[in-house]
Amino acid sequence: MTSHRPVDVFELQALMARHLPQYRNRPPHYQAEMLSSLLELGLANSTRLLDVGGGTGIVAEAMHYLMPGTRIVSIDLADRFCKGLSVDTLKYDGRSIPFGDKEFDAATFNNVMHHVPVGSRSSLLREVRRVVSGSVYIKDHLGGTAISDLMLTLLDAIGNIPFGGMIEASYLSQQDWEGLAAASGYRIGATAQERCYRRRVMKALFPNRLEITLRLDPV
């Protein structure tokens with residue numbers, strides 16, 4: 001597995017601010033931690049990456065900056081992609097991914113799966129398994145209790161409303177993640193938890209244990 005230094009938050013800020021003015025005075029500590037966790041689990045080994053639910057495409061753009069030799073395609077239900085990205089972007093229907101079998105060697109879902117309807121999650125992952133030959137990297141949340149789900153709902157509102165992102169969500173517990181992986185032809189190969197996504201007051205209000213990154217390996 002390729003090792004990587006932690007993502008530099010100010011390099012990332014300069015990149016993101018070129019496309020989203022909101023980041024000119026807002027260092028993206030959260031996104032830097034998220035990207036570091038993905039790299040820690042082996043994402044940098046991919047050369048053909050599918051980013052599912054890419055939103056504005058800014059995370060895919062950041063991944064391309066960190067992995068410049070990787071071909072990245074970001075897909076989403078709506079075309080909210082920033083203009084002038086260096087990655088390919090595509091609107092799709094949420095069910096059929098318009099690529100051939102094994103066209104990619106890895107995929108990412110970055111804070112996406114909790115917005116996918118519960119009944120559609122395993123079918124979506126099985127469709128990803130068709131077009132992706134290797135692992136799926138998922139950065140998401142760890143819920144499962146009334147209190148954690150309430151905190152995560154508030155976090156989603158804070159993080160998504162300014163960018164027109166989805167709010168409706170159903171959060172997964174550790175058991176849910178394990179069941180979803182098994183139902184979709186994967187196993188959880190590695191996880192990254194307790195990283196420093198938030199500091200000071202925000203950490204006290206929204207503990208870092210609410211965040212999780214998983215690598216799903218095909219079985």
# chains A, B, ... in the order shown; residues from 1 in each chain; ligands from 1
call {"tool": "residues_around", "arguments": {"residues": "Arg95 (chain A)", "least_positions_apart": "5", "cutoff": "10 Å", "atoms": "only C-alpha atoms", "output": "JSON list (two decimals) with C-alpha atoms, in the first residue's frame"}}
result
[["chain", "number", "residue", "atom", "x", "y", "z"],
["A", 77, "LEU", "CA", -28.09, 12.45, -10.02],
["A", 120, "SER", "CA", -31.49, 0.94, -3.17],
["A", 121, "ARG", "CA", -28.11, 0.70, -1.47],
["A", 123, "SER", "CA", -28.37, -2.74, -5.78],
["A", 124, "LEU", "CA", -26.29, 0.41, -6.32],
["A", 125, "LEU", "CA", -23.21, -1.24, -4.85],
["A", 127, "GLU", "CA", -23.92, -2.06, -10.06],
["A", 128, "VAL", "CA", -20.67, -0.45, -8.91]]
call {"tool": "residues_around", "arguments": {"residues": "Gly54 (chain A)", "least_positions_apart": "4", "cutoff": "10 Å", "atoms": "only C-alpha atoms", "output": "PyMOL selection string"}}
result
chain A and resi 50+58-61+73-81+89-91+108-112
call {"tool": "select_by_dssp", "arguments": {"residues": "region 88-173 of chain A", "states": "helix (DSSP H, G or I)", "output": "PyMOL selection string"}}
result
chain A and resi 113-115+118-131+146-163
call {"tool": "write_last_selection", "arguments": {"atoms": "C-alpha atoms", "output": "PDB file, in the first residue's frame"}}
result
ATOM      1  CA  MET A 113     -24.406   6.442   1.102  1.00  0.00           C
ATOM      2  CA  HIS A 114     -26.539   7.792   3.970  1.00  0.00           C
ATOM      3  CA  HIS A 115     -28.478   9.812   1.363  1.00  0.00           C
ATOM      4  CA  VAL A 118     -32.128   2.144   2.146  1.00  0.00           C
ATOM      5  CA  GLY A 119     -33.770  -0.209  -0.341  1.00  0.00           C
ATOM      6  CA  SER A 120     -31.485   0.935  -3.170  1.00  0.00           C
ATOM      7  CA  ARG A 121     -28.108   0.697  -1.465  1.00  0.00           C
ATOM      8  CA  SER A 122     -27.171  -2.907  -2.159  1.00  0.00           C
ATOM      9  CA  SER A 123     -28.368  -2.740  -5.780  1.00  0.00           C
ATOM     10  CA  LEU A 124     -26.292   0.415  -6.319  1.00  0.00           C
ATOM     11  CA  LEU A 125     -23.214  -1.239  -4.849  1.00  0.00           C
ATOM     12  CA  ARG A 126     -23.767  -4.320  -7.004  1.00  0.00           C
ATOM     13  CA  GLU A 127     -23.915  -2.055 -10.064  1.00  0.00           C
ATOM     14  CA  VAL A 128     -20.666  -0.451  -8.910  1.00  0.00           C
ATOM     15  CA  ARG A 129     -19.188  -3.938  -8.584  1.00  0.00           C
ATOM     16  CA  ARG A 130     -20.033  -4.516 -12.246  1.00  0.00           C
ATOM     17  CA  VAL A 131     -18.053  -1.519 -13.485  1.00  0.00           C
ATOM     18  CA  ALA A 146     -31.354   8.414  18.213  1.00  0.00           C
ATOM     19  CA  ILE A 147     -28.733  10.822  19.585  1.00  0.00           C
ATOM     20  CA  SER A 148     -26.080  10.091  16.945  1.00  0.00           C
ATOM     21  CA  ASP A 149     -28.643  10.329  14.140  1.00  0.00           C
ATOM     22  CA  LEU A 150     -29.847  13.707  15.453  1.00  0.00           C
ATOM     23  CA  MET A 151     -26.291  15.041  15.606  1.00  0.00           C
ATOM     24  CA  LEU A 152     -25.618  13.790  12.093  1.00  0.00           C
ATOM     25  CA  THR A 153     -28.798  15.383  10.769  1.00  0.00           C
ATOM     26  CA  LEU A 154     -27.627  18.724  12.132  1.00  0.00           C
ATOM     27  CA  LEU A 155     -24.174  18.193  10.629  1.00  0.00           C
ATOM     28  CA  ASP A 156     -25.673  17.422   7.218  1.00  0.00           C
ATOM     29  CA  ALA A 157     -27.745  20.607   7.369  1.00  0.00           C
ATOM     30  CA  ILE A 158     -24.668  22.688   8.232  1.00  0.00           C
ATOM     31  CA  GLY A 159     -22.529  21.077   5.539  1.00  0.00           C
ATOM     32  CA  ASN A 160     -24.999  20.634   2.681  1.00  0.00           C
ATOM     33  CA  ILE A 161     -27.467  23.530   2.655  1.00  0.00           C
ATOM     34  CA  PRO A 162     -24.861  26.138   1.533  1.00  0.00           C
ATOM     35  CA  PHE A 163     -24.017  23.967  -1.510  1.00  0.00           C
TER      36      PHE A 163
END
call {"tool": "residues_around", "arguments": {"residues": "region 6-12 of chain A", "least_positions_apart": "5", "cutoff": "12 Å", "atoms": "only C-alpha atoms", "output": "count of residues only"}}
result
34
call {"tool": "closest_residue", "arguments": {"among": "A:Pro68, A:Pro218, A:Gly55, A:Pro207", "to": "Gly143 (chain A)", "atoms": "only C-alpha atoms"}}
result
A:Pro207
call {"tool": "closest_residue", "arguments": {"among": "A:Asp217, A:Asp140, A:Glu194, A:Glu103", "to": "Arg71 (chain A)", "atoms": "only C-alpha atoms"}}
result
A:Glu103
call {"tool": "closest_residue", "arguments": {"among": "A:Gln193, A:Gly144, A:Lys203, A:Leu41", "to": "Gln175 (chain A)", "atoms": "only C-alpha atoms"}}
result
A:Gly144
call {"tool": "select_by_dssp", "arguments": {"residues": "chain A", "states": "strand (DSSP E or B)", "output": "PyMOL selection string"}}
result
chain A and resi 48-52+71-76+88-91+104+106-110+132+136-141+186-193+211-218
call {"tool": "write_last_selection", "arguments": {"atoms": "C-alpha atoms", "output": "CSV table (one decimal), in the first residue's frame"}}
result
chain,number,residue,atom,x,y,z
A,48,ARG,CA,-9.1,4.5,-13.0
A,49,LEU,CA,-11.5,5.9,-10.3
A,50,LEU,CA,-15.3,6.3,-10.3
A,51,ASP,CA,-16.6,8.9,-7.9
A,52,VAL,CA,-20.3,8.2,-7.1
A,71,ARG,CA,-8.3,9.1,-14.5
A,72,ILE,CA,-11.3,10.2,-12.4
A,73,VAL,CA,-15.0,10.3,-13.5
A,74,SER,CA,-17.5,11.9,-11.1
A,75,ILE,CA,-21.2,11.0,-11.5
A,76,ASP,CA,-24.3,12.3,-9.7
A,88,ASP,CA,-14.8,14.1,-16.2
A,89,THR,CA,-18.3,14.6,-14.9
A,90,LEU,CA,-21.6,12.9,-15.8
A,91,LYS,CA,-25.2,13.0,-14.7
A,104,PHE,CA,-12.6,1.2,-13.3
A,106,ALA,CA,-11.8,1.6,-7.7
A,107,ALA,CA,-14.7,3.7,-6.6
A,108,THR,CA,-15.5,6.3,-3.9
A,109,PHE,CA,-18.6,7.3,-2.1
A,110,ASN,CA,-17.8,10.5,-0.1
A,132,VAL,CA,-15.3,-1.6,-10.8
A,136,VAL,CA,-14.8,0.7,-3.0
A,137,TYR,CA,-13.7,3.5,-0.6
A,138,ILE,CA,-16.5,5.0,1.5
A,139,LYS,CA,-16.2,8.0,3.7
A,140,ASP,CA,-19.5,8.3,5.6
A,141,HIS,CA,-21.0,8.5,9.1
A,186,TYR,CA,-18.0,-7.1,-0.5
A,187,ARG,CA,-16.3,-7.4,2.8
A,188,ILE,CA,-14.9,-4.6,5.0
A,189,GLY,CA,-11.2,-4.8,4.4
A,190,ALA,CA,-10.1,-1.8,6.4
A,191,THR,CA,-11.5,1.1,8.4
A,192,ALA,CA,-10.2,4.5,9.6
A,193,GLN,CA,-12.0,6.1,12.6
A,211,GLU,CA,-17.1,9.7,11.1
A,212,ILE,CA,-15.9,6.6,9.5
A,213,THR,CA,-14.0,5.6,6.3
A,214,LEU,CA,-14.2,2.0,5.0
A,215,ARG,CA,-12.5,0.1,2.2
A,216,LEU,CA,-14.8,-2.6,0.8
A,217,ASP,CA,-13.0,-5.4,-0.9
A,218,PRO,CA,-14.8,-7.6,-3.4
call {"tool": "atom_distance", "arguments": {"atom1": "CA of Ala14 (chain A)", "atom2": "CA of Gly84 (chain A)"}}
result
14.9 Å
call {"tool": "atom_distance", "arguments": {"atom1": "CA of Met16 (chain A)", "atom2": "CA of Thr56 (chain A)"}}
result
10.6 Å
call {"tool": "atom_distance", "arguments": {"atom1": "CA of Ala169 (chain A)", "atom2": "CA of Ser135 (chain A)"}}
result
24.2 Å
